[in-house]
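Chemist: mmCIF, C-alpha atoms, saved as run23.cif, coming up:
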```cif
data_final
#
loop_
_atom_site.label_atom_id
_atom_site.label_comp_id
_atom_site.auth_asym_id
_atom_site.auth_seq_id
_atom_site.Cartn_x
_atom_site.Cartn_y
_atom_site.Cartn_z
CA MET A 148 0.00 0.00 0.00
CA HIS A 149 1.21 3.49 -0.81
CA ASP A 150 1.60 6.08 1.79
CA ALA A 151 -0.07 9.12 0.40
CA ALA A 152 2.39 11.83 1.23
CA ALA A 153 1.18 15.18 -0.04
CA PRO A 154 4.28 16.25 -2.06
CA THR A 155 4.30 13.17 -4.30
CA LEU A 156 0.55 13.33 -4.61
CA ALA A 157 0.59 16.85 -5.98
CA ALA A 158 2.17 15.70 -9.21
CA ARG A 159 -0.21 12.78 -9.73
CA GLU A 160 -3.79 12.11 -10.55
CA ALA A 161 -6.62 11.37 -8.15
CA ILE A 162 -9.10 8.81 -9.46
CA TRP A 163 -12.34 8.54 -7.53
CA VAL A 164 -14.03 5.15 -7.97
CA TYR A 165 -17.84 4.96 -7.90
CA ALA A 166 -18.69 1.42 -8.84
CA ILE A 167 -17.85 -1.70 -10.79
CA THR A 168 -20.06 -3.25 -13.44
CA HIS A 169 -19.87 -5.91 -16.10
CA SER A 170 -18.29 -4.51 -19.25
CA ARG A 171 -21.02 -3.58 -21.66
CA ASP A 172 -21.20 -2.79 -25.33
CA GLN A 173 -23.03 0.47 -24.98
CA ALA A 174 -21.29 3.74 -24.23
CA GLY A 175 -20.51 4.72 -20.67
CA PRO A 176 -22.33 7.17 -18.46
CA ASP A 177 -22.52 10.03 -20.95
CA GLY A 178 -22.77 13.51 -19.56
CA LEU A 179 -22.75 12.32 -15.96
CA ARG A 180 -20.96 14.71 -13.59
CA GLY A 181 -19.24 13.49 -10.47
CA ILE A 182 -18.36 14.79 -7.04
CA GLY A 183 -15.63 17.10 -8.36
CA GLY A 184 -17.85 18.40 -11.18
CA GLY A 185 -15.87 16.43 -13.76
CA GLN A 186 -17.03 13.99 -16.39
CA VAL A 187 -17.62 10.48 -15.12
CA ARG A 188 -15.86 7.93 -17.32
CA THR A 189 -15.16 4.21 -17.46
CA LEU A 190 -12.05 2.06 -17.24
CA HIS A 191 -12.10 -1.48 -18.60
CA SER A 192 -10.25 -4.61 -17.70
CA GLY A 193 -11.53 -7.72 -19.44
CA PRO A 194 -15.12 -8.40 -18.42
CA LEU A 195 -15.17 -5.68 -15.75
CA THR A 196 -15.64 -1.94 -15.93
CA ALA A 197 -14.92 0.64 -13.25
CA VAL A 198 -16.84 3.90 -13.21
CA VAL A 199 -14.48 6.68 -12.16
CA GLU A 200 -13.83 10.40 -12.16
CA SER A 201 -10.52 12.23 -12.39
CA LEU A 202 -10.29 14.78 -9.64
CA ASP A 203 -8.04 17.79 -9.48
CA PRO A 204 -5.18 16.39 -7.37
CA GLY A 205 -4.58 19.84 -5.93
CA ARG A 206 -8.09 20.21 -4.58
CA PHE A 207 -8.52 16.54 -3.79
CA SER A 208 -5.34 15.57 -1.99
CA ALA A 209 -5.73 13.19 0.95
CA GLU A 210 -5.93 16.20 3.26
CA GLY A 211 -8.29 18.00 0.91
CA ILE A 212 -10.70 15.09 0.76
CA GLN A 213 -10.46 14.51 4.48
CA SER A 214 -11.29 18.08 5.34
CA ARG A 215 -14.16 18.20 2.82
CA LEU A 216 -15.66 15.06 4.28
CA SER A 217 -15.31 16.43 7.79
CA ASP A 218 -17.53 19.36 6.92
CA PRO A 219 -21.16 18.24 7.33
CA ALA A 220 -22.45 20.33 4.42
CA GLU A 221 -19.73 19.14 2.04
CA LEU A 222 -20.05 15.57 3.27
CA GLY A 223 -23.75 15.69 2.45
CA GLU A 224 -23.13 17.15 -0.98
CA ILE A 225 -20.38 14.65 -1.86
CA ALA A 226 -22.47 11.74 -0.57
CA ARG A 227 -25.41 12.81 -2.71
CA ARG A 228 -23.32 13.25 -5.85
CA HIS A 229 -21.56 9.94 -5.31
CA HIS A 230 -24.94 8.30 -4.82
CA ASP A 231 -26.42 9.95 -7.94
CA VAL A 232 -23.63 8.51 -10.08
CA VAL A 233 -24.03 5.04 -8.58
CA VAL A 234 -27.80 5.20 -9.16
CA ALA A 235 -27.30 6.18 -12.80
CA VAL A 236 -24.86 3.32 -13.30
CA ALA A 237 -27.07 0.80 -11.50
CA ALA A 238 -29.96 1.64 -13.81
CA ASP A 239 -28.09 -0.19 -16.61
CA GLY A 240 -27.32 -3.46 -14.85
CA PRO A 241 -25.79 -5.15 -11.82
CA THR A 242 -23.52 -2.75 -10.00
CA LEU A 243 -21.10 -3.02 -7.10
CA PRO A 244 -21.08 0.35 -5.35
CA PHE A 245 -17.84 1.50 -3.76
CA ARG A 246 -17.68 2.97 -0.34
CA LEU A 247 -17.29 6.74 -0.35
CA ALA A 248 -13.76 8.11 -0.87
CA THR A 249 -12.04 5.22 -2.61
CA VAL A 250 -9.30 7.05 -4.49
CA TYR A 251 -6.47 5.76 -6.68
CA LEU A 252 -3.46 7.55 -8.07
CA SER A 253 -3.79 6.41 -11.67
CA ASP A 254 -6.07 4.64 -14.14
CA ASP A 255 -3.65 1.74 -14.21
CA ARG A 256 -3.97 1.23 -10.49
CA VAL A 257 -7.74 0.90 -10.89
CA ARG A 258 -7.34 -1.52 -13.81
CA SER A 259 -4.97 -3.67 -11.80
CA LEU A 260 -7.54 -3.81 -8.99
CA LEU A 261 -10.10 -5.06 -11.52
CA SER A 262 -7.83 -7.81 -12.79
CA LEU A 263 -6.51 -8.73 -9.36
CA ARG A 264 -9.95 -9.31 -7.87
CA ASN A 265 -11.67 -10.25 -11.10
CA ASP A 266 -13.19 -13.51 -9.83
CA GLU A 267 -14.58 -11.99 -6.66
CA PHE A 268 -16.13 -8.98 -8.40
CA ARG A 269 -17.69 -11.10 -11.13
CA ARG A 270 -19.16 -13.53 -8.64
CA LYS A 271 -20.73 -10.69 -6.70
CA LEU A 272 -22.08 -9.01 -9.82
CA ASP A 273 -23.63 -12.28 -10.99
CA TRP A 274 -25.28 -12.67 -7.62
CA LEU A 275 -26.74 -9.17 -7.81
CA ALA A 276 -28.06 -9.54 -11.37
CA GLY A 277 -31.81 -9.02 -11.55
CA ARG A 278 -31.97 -8.06 -7.89
CA THR A 279 -32.36 -4.81 -6.09
CA GLU A 280 -32.00 -3.41 -2.60
CA CYS A 281 -35.18 -2.36 -0.85
CA GLY A 282 -35.07 -0.31 2.33
CA ILE A 283 -37.68 -0.84 5.04
CA LYS A 284 -38.09 1.44 8.02
CA ALA A 285 -40.81 0.91 10.57
CA TRP A 286 -42.00 2.96 13.53
CA ALA A 287 -44.10 1.96 16.48
CA ASP A 288 -45.72 3.63 19.45
CA PRO A 289 -44.40 1.71 22.49
CA ASP A 290 -47.32 2.89 24.61
CA ALA A 291 -49.81 1.56 22.09
CA LEU A 292 -47.96 -1.75 21.84
CA PHE A 293 -47.98 -1.93 25.61
CA THR A 294 -51.71 -1.36 25.71
CA GLN A 295 -52.38 -3.81 22.88
CA ARG A 296 -50.39 -6.74 24.07
CA GLY A 297 -48.31 -5.87 27.06
CA THR A 298 -50.48 -7.74 29.51
CA ALA A 299 -52.44 -9.98 27.17
CA GLU A 300 -49.59 -12.24 26.14
CA GLN A 301 -47.76 -12.81 29.35
CA PRO A 302 -47.36 -11.42 32.82
CA ALA A 303 -46.50 -7.78 32.44
CA ARG A 304 -42.83 -8.48 33.05
CA ASP A 305 -40.55 -11.38 33.61
CA PRO A 306 -39.78 -12.38 37.17
CA GLY A 307 -36.18 -11.28 36.88
CA SER A 308 -37.01 -7.62 36.51
CA ARG A 309 -38.91 -7.43 39.74
CA PRO A 310 -38.14 -8.51 43.26
CA ALA A 311 -40.48 -11.01 44.86
CA ASP A 312 -41.58 -8.68 47.61
CA GLY A 313 -43.71 -6.49 45.37
CA GLU A 314 -45.88 -5.11 48.15
CA PRO A 315 -46.40 -1.39 48.05
CA PRO A 316 -45.18 0.39 51.13
CA GLY A 317 -47.74 1.04 53.82
CA PRO A 318 -49.23 4.45 54.43
CA ALA A 319 -46.82 5.21 57.25
CA ASP A 320 -43.89 4.90 54.90
CA GLN A 321 -44.82 7.48 52.34
CA SER A 322 -41.67 9.43 51.65
CA GLY A 323 -38.62 7.56 50.36
CA ALA A 324 -39.97 4.05 50.03
CA ALA A 325 -43.10 5.11 48.18
CA TYR A 326 -41.06 7.15 45.77
CA LEU A 327 -38.65 4.30 45.13
CA PHE A 328 -41.49 1.86 44.71
CA ARG A 329 -43.19 4.06 42.17
CA ARG A 330 -39.95 4.69 40.31
CA ARG A 331 -39.32 0.96 40.13
CA GLU A 332 -42.78 0.32 38.76
CA GLU A 333 -42.35 3.03 36.15
CA LEU A 334 -39.00 1.66 35.16
CA ALA A 335 -40.39 -1.86 34.76
CA ALA A 336 -43.17 -0.54 32.54
CA ARG A 337 -40.63 1.32 30.42
CA VAL A 338 -38.44 -1.74 30.03
CA GLU A 339 -41.50 -3.67 28.96
CA ARG A 340 -42.42 -1.04 26.37
CA GLN A 341 -38.90 -1.12 25.00
CA ARG A 342 -39.00 -4.88 24.80
CA LEU A 343 -42.28 -4.77 22.90
CA ALA A 344 -40.94 -2.17 20.49
CA ALA A 345 -37.83 -4.25 19.83
CA ARG A 346 -39.95 -7.32 19.26
CA CYS A 347 -42.23 -5.48 16.85
CA GLY A 348 -39.17 -4.69 14.70
CA GLN A 349 -37.87 -8.21 15.04
CA GLU A 350 -41.14 -9.73 13.90
CA ILE A 351 -41.19 -7.59 10.77
CA HIS A 352 -37.57 -8.45 10.03
CA THR A 353 -38.03 -12.19 10.56
CA ALA A 354 -40.96 -12.24 8.16
CA LEU A 355 -39.29 -10.15 5.46
CA GLU A 356 -36.00 -11.98 5.70
CA ARG A 357 -37.78 -15.09 4.51
CA LEU A 358 -39.06 -13.29 1.42
CA ALA A 359 -35.68 -11.85 0.45
CA VAL A 360 -32.46 -13.14 -1.08
CA GLY A 361 -30.43 -11.21 1.48
CA ALA A 362 -31.10 -9.08 4.53
CA HIS A 363 -29.10 -6.50 6.39
CA LEU A 364 -29.97 -4.59 9.56
CA HIS A 365 -28.91 -0.96 9.77
CA PRO A 366 -28.81 0.82 13.11
CA THR A 367 -32.10 2.55 13.79
CA GLN A 368 -32.09 6.26 13.10
CA ASP A 369 -32.83 9.29 15.15
CA PRO A 370 -36.59 9.73 14.88
CA ARG A 371 -36.14 13.40 14.17
CA SER A 372 -33.85 12.96 11.19
CA ASP A 373 -36.83 12.08 9.03
CA GLY A 374 -39.32 14.15 10.94
CA GLU A 375 -41.21 11.04 11.91
CA GLU A 376 -43.36 10.33 14.92
CA GLY A 377 -42.94 7.28 17.06
CA LEU A 378 -39.99 5.10 17.83
CA MET A 379 -38.08 3.55 14.95
CA VAL A 380 -38.15 -0.18 15.53
CA LEU A 381 -36.64 -1.36 12.26
CA ASN A 382 -34.16 0.01 9.75
CA ALA A 383 -33.22 -2.72 7.34
CA ALA A 384 -32.24 -3.44 3.76
CA TYR A 385 -33.40 -6.46 1.79
CA LEU A 386 -32.09 -7.79 -1.47
CA VAL A 387 -35.08 -8.83 -3.55
CA GLU A 388 -35.74 -9.98 -7.08
CA SER A 389 -36.42 -6.79 -9.02
CA ALA A 390 -39.50 -8.36 -10.58
CA LEU A 391 -40.97 -8.94 -7.13
CA LEU A 392 -40.19 -5.54 -5.67
CA ALA A 393 -43.79 -4.32 -5.66
CA GLU A 394 -45.00 -7.51 -3.99
CA PHE A 395 -42.24 -7.25 -1.44
CA ALA A 396 -43.24 -3.69 -0.60
CA ASP A 397 -46.86 -4.80 -0.18
CA SER A 398 -45.80 -7.64 2.07
CA ALA A 399 -43.72 -5.26 4.14
CA GLN A 400 -46.76 -3.11 4.76
CA ALA A 401 -48.97 -6.04 5.70
CA VAL A 402 -46.32 -7.55 7.93
CA ALA A 403 -45.65 -4.24 9.67
CA ALA A 404 -49.35 -3.68 10.25
CA ALA A 405 -49.70 -7.17 11.69
CA ALA A 406 -46.79 -6.54 14.03
CA GLY A 407 -48.51 -3.44 15.35
CA ALA A 408 -46.27 -0.86 13.66
CA LEU A 409 -47.51 2.70 13.41
CA LYS A 410 -45.96 3.43 10.07
CA VAL A 411 -43.66 1.85 7.53
CA ASP A 412 -41.49 3.45 4.87
CA VAL A 413 -40.36 1.57 1.83
CA THR A 414 -37.29 3.20 0.31
CA GLY A 415 -35.45 2.49 -2.89
CA PRO A 416 -34.94 0.68 -5.10
CA TRP A 417 -31.35 1.23 -4.05
CA PRO A 418 -28.13 0.17 -5.71
CA ALA A 419 -27.03 -2.86 -3.71
CA TYR A 420 -24.90 -0.92 -1.21
CA SER A 421 -25.83 -3.14 1.68
CA PHE A 422 -25.00 -6.30 -0.24
CA ALA A 423 -21.64 -5.41 -1.71
CA ASP A 424 -20.09 -8.11 0.43
CA GLY A 425 -21.71 -10.64 -1.83
CA PRO A 426 -23.43 -13.96 -1.24
CA ASP A 427 -20.87 -15.19 1.29
CA ALA A 428 -21.38 -12.37 3.78
CA MET B 44 -38.74 -15.90 21.05
CA THR B 45 -40.50 -14.75 17.97
CA ARG B 46 -44.09 -15.69 18.02
CA GLN B 47 -45.51 -17.44 15.00
CA TRP B 48 -48.06 -15.03 13.64
CA ALA B 49 -50.53 -15.27 10.82
CA LEU B 50 -51.92 -12.36 8.87
CA ALA B 51 -55.49 -11.87 9.90
CA PRO B 52 -57.62 -10.29 7.15
CA ALA B 53 -58.19 -7.25 9.35
CA SER B 54 -54.48 -6.64 9.62
CA ARG B 55 -53.94 -6.38 5.89
CA GLU B 56 -54.48 -2.68 6.06
CA ARG B 57 -51.91 -0.45 4.46
CA LEU B 58 -49.87 1.69 6.75
CA PRO B 59 -49.24 5.27 5.74
CA THR B 60 -46.17 5.69 3.62
CA HIS B 61 -44.79 8.41 1.44
CA PRO B 62 -42.38 7.59 -1.32
CA GLU B 63 -39.95 10.46 -1.46
CA PRO B 64 -36.46 11.18 -2.71
CA SER B 65 -33.86 9.30 -0.72
CA SER B 66 -33.14 11.05 2.54
CA LEU B 67 -29.60 12.12 3.22
CA VAL B 68 -29.48 9.95 6.33
CA ASP B 69 -30.39 6.88 4.27
CA ILE B 70 -27.77 7.79 1.70
CA LEU B 71 -25.08 8.48 4.30
CA GLU B 72 -25.60 5.22 6.12
CA ARG B 73 -25.09 3.43 2.82
CA VAL B 74 -22.23 5.30 1.18
CA LEU B 75 -20.26 5.64 4.42
CA ASP B 76 -20.96 2.30 5.97
CA LYS B 77 -21.72 -0.01 3.07
CA GLY B 78 -20.47 -0.57 -0.43
CA ILE B 79 -17.32 -2.39 -1.36
CA VAL B 80 -14.40 -1.52 0.86
CA VAL B 81 -11.15 -1.46 -1.05
CA ALA B 82 -7.95 0.10 0.23
CA GLY B 83 -7.35 2.81 -2.36
CA ASP B 84 -4.06 4.59 -2.88
CA ILE B 85 -5.10 7.58 -0.86
CA ARG B 86 -5.85 6.78 2.69
CA ILE B 87 -8.95 8.55 3.93
CA ASP B 88 -9.86 8.14 7.55
CA LEU B 89 -13.51 7.42 6.99
CA LEU B 90 -13.89 5.86 10.39
CA ASP B 91 -13.73 9.24 12.08
CA ILE B 92 -16.43 10.66 9.87
CA GLU B 93 -18.53 7.62 10.40
CA LEU B 94 -18.15 7.85 14.14
CA LEU B 95 -18.87 11.53 14.04
CA THR B 96 -22.16 11.13 12.21
CA ILE B 97 -23.16 8.09 14.21
CA ARG B 98 -22.33 9.69 17.53
CA LEU B 99 -24.19 12.82 16.62
CA ARG B 100 -27.18 10.77 15.58
CA LEU B 101 -27.09 8.61 18.68
CA LEU B 102 -26.82 11.58 20.98
CA ILE B 103 -29.90 13.22 19.51
CA ALA B 104 -31.70 9.90 19.29
CA SER B 105 -31.04 8.89 22.88
CA VAL B 106 -32.32 12.13 24.35
CA ASP B 107 -35.30 12.01 22.02
CA ARG B 108 -36.00 8.39 22.66
CA ALA B 109 -35.66 8.75 26.40
CA LYS B 110 -38.27 11.48 26.41
CA GLU B 111 -40.48 9.44 24.17
CA MET B 112 -40.25 6.53 26.55
CA GLY B 113 -41.20 8.84 29.37
CA ILE B 114 -37.75 8.92 30.87
CA ASP B 115 -37.75 12.58 31.71
CA TRP B 116 -37.66 12.41 35.47
CA TRP B 117 -34.27 14.13 35.68
CA GLU B 118 -35.96 17.30 34.53
CA HIS B 119 -37.80 17.34 37.85
CA ASP B 120 -35.07 15.86 40.01
CA PRO B 121 -33.36 18.68 41.92
CA THR B 122 -30.11 16.78 42.28
CA LEU B 123 -29.85 16.46 38.50
CA SER B 124 -31.52 19.51 37.06
CA SER B 125 -30.05 21.57 39.92
CA GLY B 126 -32.20 24.61 39.62
CA ALA B 127 -31.70 26.75 42.72
CA ARG B 128 -35.39 27.59 42.77
CA ASP B 129 -36.31 23.89 42.69
CA LEU B 130 -33.91 23.16 45.51
CA ALA B 131 -35.38 25.88 47.66
CA ALA B 132 -38.88 24.57 47.04
CA GLU B 133 -37.77 21.02 47.77
CA ASN B 134 -36.13 22.12 51.02
CA ARG B 135 -39.21 23.96 52.13
CA GLN B 136 -41.39 20.95 51.38
CA LEU B 137 -39.03 18.63 53.22
CA ARG B 138 -39.04 20.89 56.28
CA GLU B 139 -42.80 20.98 56.20
CA ARG B 140 -42.96 17.23 56.03
CA ILE B 141 -40.49 16.74 58.85
CA GLY B 142 -42.55 19.10 60.91
CA ALA B 143 -45.66 17.11 60.11
CA LEU B 144 -43.98 13.80 60.94
CA GLU B 145 -42.64 15.12 64.22
CA ALA B 146 -46.15 16.20 65.09
CA GLY B 147 -46.99 12.51 64.92
CA ARG B 148 -49.01 12.37 61.74
CA THR B 149 -48.36 11.76 58.08
CA ALA B 150 -48.13 14.65 55.69
CA GLY B 151 -51.48 16.09 54.71
CA PRO B 152 -52.41 16.79 51.11
CA GLY B 153 -51.59 20.46 51.38
CA SER B 154 -47.95 19.97 52.30
CA ARG B 155 -47.27 16.93 50.20
CA SER B 156 -44.32 17.15 47.88
CA ARG B 157 -44.14 15.48 44.52
CA ARG B 158 -42.23 12.58 45.96
CA ALA B 159 -44.66 11.91 48.74
CA GLU B 160 -47.67 10.98 46.66
CA PRO B 161 -49.49 7.87 47.87
CA ALA B 162 -48.09 4.57 46.75
CA VAL B 163 -49.33 3.43 43.37
CA LYS B 164 -52.16 0.99 43.62
CA PRO B 165 -50.94 -2.49 42.69
CA ALA B 166 -53.81 -3.07 40.28
CA THR B 167 -52.98 -0.13 38.05
CA ARG B 168 -49.31 0.44 38.59
CA SER B 169 -47.94 -1.20 35.47
CA ARG B 170 -50.60 -0.09 33.04
CA THR B 171 -50.35 3.63 33.26
CA PRO B 172 -47.84 5.10 30.83
CA SER B 173 -45.81 7.58 32.80
CA GLN B 174 -45.79 10.41 30.33
#
```
Will you turn the file into C-alpha cells for me?
Modeler:
Amino acid sequence: MHDAAAPTLAAREAIWVYAITHSRDQAGPDGLRGIGGGQVRTLHSGPLTAVVESLDPGRFSAEGIQSRLSDPAELGEIARRHHDVVVAVAADGPTLPFRLATVYLSDDRVRSLLSLRNDEFRRKLDWLAGRTECGIKAWADPDALFTQRGTAEQPARDPGSRPADGEPPGPADQSGAAYLFRRREELAARVERQRLAARCGQEIHTALERLAVGAHLHPTQDPRSDGEEGLMVLNAAYLVESALLAEFADSAQAVAAAAGALKVDVTGPWPAYSFADGPDA
Amino acid sequence: MTRQWALAPASRERLPTHPEPSSLVDILERVLDKGIVVAGDIRIDLLDIELLTIRLRLLIASVDRAKEMGIDWWEHDPTLSSGARDLAAENRQLRERIGALEAGRTAGPGSRSRRAEPAVKPATRSRTPSQ
C-alpha cells in the first residue's frame, strides 16, 4: 500500500471510484458529472468496468478530501453526488457500489484492482443480477404496543425484573420508600415497552427476511432525522428480485401492520450498497 | 422468542407511507458504511467521519428516545436539574414534612411534595404510561 504523502501526490492524478459493473457494449455514463464536477468515465479490464472520475489532485489531496468530508455540508453534498452517479450506473445493470472516498493515483492502479480481484467482483455481480436493494423502516408507538399486548400475552414483566416482595409500602412509609417503589414500577413498565418495540421490529424483520435473497440490519435512526413520529423499531435493507419488488413492498406493509407498527417506509430501489459483500457475507 | 403469527384479514391494512427522494441519512448510512471496501491509494480516515455522524445521531436519538419513553424524570429531580429555585422549594417541602412527621401524623395533602404521593395501587401500577 502506498503512503499518500502530499508532495508526491501533488504531481499525480486522483481517481475517484464509484462502482464496478460488467463490461457492456453500450457507451458509458454520458454527460454524468461526479463529485468534483468532472465527467464520469469508465475504465475497462476484461469483463469488468470501473466507473471513475478524475479529480483535481490539488483540490482533492488526501488532506483535501479529508477536510471536505469532515464538513457536514460538504459531506452531504459529496455523498449525494456519489450516490447519484451510482444510481445512474445501476440503472443499466448489476452494479457493485464502492464505499465513499475510494481514491487511486492512476487509471492503471484501478485496472490492476479489476484484474486482481476479477473472480470476486464477477461472482458478486452475478449474484446481484436481476436483484435490487429495498429499504424498510418501521415505527411503532411503544405505549400503544404496551396497551395492545403488554399484559395480554404474558405477565406484564418477567420475574427477573422485579423482586419477589412487590408489596407497596404502607401508608406510614410514604416518603422515600413510596417514591422508590413508584420509580421501580415506572422503570419496569418502560423496560417492557422497549422490549415490545424491539420485538415489533424483530417480527417484521423475521418475516421479510424469509421473502428476500439477502437481509441487512442498519442501526435505527434518530426519529427526528426524518421528521417522523414514534420510535423507529426497524431500519433494514433487503435484497429482492427486481421483478418482485412491488409484492415485497406490499408484504412489508402487511407484515408491519400485523406486528402493530404505526408506520412503515419503503425506500429504494437502491443500488445494492448493503450487499456489496456478496453472497458469502 | 419470535411468536408465530398469521396475517389476519383485518391486519392487511396499508400503513401510511410516502415515497420520497432518498433522505440524506439513508444515503449516508449506505455510502459511508456499506459498499465495497477497497484500500485505495489515498488513505482517507472514513472511520472518524462515520463515528462523528453516528455519535451525533445517537446523541440526539437517545435524548429524544428517552423522552419518548417517558424517561424525563431528571428534569424534575433537583439533584440532577439543579435549579436553585427547585432546591429551595424542595427544602421547604421537606421541612414541612419533617414538621408534620414530628407532630406525629403523616403529611397532609396540602404539604405533600411530589415525591410523597401515595403509593401506586398495585392493580394499576404497570398499566399507566408515565408520560
Chemist: Show which residues sit within 7 Å of Ile87 in chain B, as a PyMOL selection string. Count all atoms listed in the file, and ignore same-chain residues fewer than 4 positions away.
Modeler: chain A and resi 209+213+248
Chemist: What is the distance between CA of Ala344 in chain A and CA of Val380 in chain A, in Å to one decimal?
Modeler: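 We find that CA of Ala344 in chain A and CA of Val380 in chain A lie 6.0 Å from each other.
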Chemist: With distances taken over all atoms listed in the file, which residue among A:Leu392, A:Val360, A:Ile182, A:Val234 lies nearest Arg215 in chain A?
Modeler: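 For Arg215 in chain A, the nearest of the given residues is A:Ile182.
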Chemist: Provide the CA of Ala82 in chain B to CA of Leu247 in chain A distance in Å, to one decimal place.
Modeler: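 Rounded to one decimal, the two atoms are 11.5 Å apart.
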Chemist: Within 6 Å of (-45.2, 0.5, 12.5) (file coordinates; only C-alpha atoms), which protein or nucleic acid residues are there? I'd like them as an NGL selection string.
Modeler: :A and (285-287 or 403 or 407-411)
Chemist: Would you work out the distance separating CA of Ser259 in chain A from CA of Leu71 in chain B, expressed in Å to one decimal?
Modeler: 28.5 Å
Chemist: How close does chain A get to chain B? List, as CSV, each residue of chain A within 7 Å, its nearest atom pair and the distance in Å to one decimal, counting all atoms listed in the file.
Modeler:
```
residue,atom,partner,partner_atom,distance
A:Met148,CA,B:Asp84,CA,6.8
A:His149,CA,B:Asp84,CA,5.8
A:Ala151,CA,B:Ile85,CA,5.4
A:Ala209,CA,B:Ile85,CA,5.9
A:Gln213,CA,B:Ile87,CA,6.2
A:Ser217,CA,B:Ile92,CA,6.2
A:Gly223,CA,B:Leu67,CA,6.9
A:Ala226,CA,B:Leu71,CA,6.4
A:Leu243,CA,B:Ile79,CA,6.9
A:Pro244,CA,B:Gly78,CA,5.0
A:Phe245,CA,B:Ile79,CA,4.6
A:Arg246,CA,B:Gly78,CA,4.5
A:Leu247,CA,B:Val74,CA,5.4
A:Ala248,CA,B:Ile87,CA,6.8
A:Thr249,CA,B:Gly83,CA,5.3
A:Val250,CA,B:Gly83,CA,5.1
A:Tyr251,CA,B:Asp84,CA,4.6
A:Leu252,CA,B:Asp84,CA,6.0
A:Asp290,CA,B:Pro172,CA,6.6
A:Pro315,CA,B:Ala162,CA,6.3
A:Pro316,CA,B:Ala162,CA,6.7
A:Ala319,CA,B:Thr149,CA,6.8
A:Gln321,CA,B:Ala159,CA,5.7
A:Ser322,CA,B:Ala159,CA,4.9
A:Ala325,CA,B:Ala162,CA,5.2
A:Tyr326,CA,B:Arg158,CA,5.6
A:Arg329,CA,B:Val163,CA,6.3
A:Glu332,CA,B:Ser169,CA,6.3
A:Glu333,CA,B:Ser173,CA,6.6
A:Ala336,CA,B:Ser169,CA,5.6
A:Arg337,CA,B:Met112,CA,6.5
A:Glu350,CA,B:Thr45,CA,6.5
A:Asp369,CA,B:Ala104,CA,4.3
A:Pro370,CA,B:Ala104,CA,6.6
A:Gln400,CA,B:Arg57,CA,5.8
A:Ala401,CA,B:Arg55,CA,5.0
A:Ala404,CA,B:Ser54,CA,6.0
A:Ala405,CA,B:Ser54,CA,5.2
A:Lys410,CA,B:Leu58,CA,5.4
A:Val411,CA,B:Thr60,CA,6.0
A:Asp412,CA,B:Thr60,CA,5.3
A:Thr414,CA,B:Pro62,CA,6.9
A:Tyr420,CA,B:Gly78,CA,4.5
A:Ser421,CA,B:Lys77,CA,5.3
A:Ala423,CA,B:Gly78,CA,5.1
A:Asp424,CA,B:Ile79,CA,6.6
```
Chemist: Rank A:Arg296, A:Arg357, A:His352, A:Lys271 by their smallest atom-to-atom distance to Glu339 in chain A, using only C-alpha atoms, and report the top residue only.
Modeler: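 Under the stated criterion, the closest residue is A:Arg296.
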Chemist: Just so the selection is clear, what residues does the PyMOL selection byres ((chain A and resi 257) around 10) cover here, as a ChimeraX atom specification?
Modeler: /A:162-164,190-192,196-199,250-256,258-263 /B:83-84
Chemist: Please determine, counting all atoms listed in the file, which residue among A:Leu327, A:Leu195, A:Ala335, A:Arg340 has the shortest atom-to-atom distance to Gln295 in chain A.
Modeler: A:Arg340
Chemist: Residue by residue, what does the PyMOL selection byres ((chain A and resi 365) around 8) grab here? Present the result as a PyMOL selection string.
Modeler: (chain A and resi 363-364+366-367+382-384) or (chain B and resi 72)
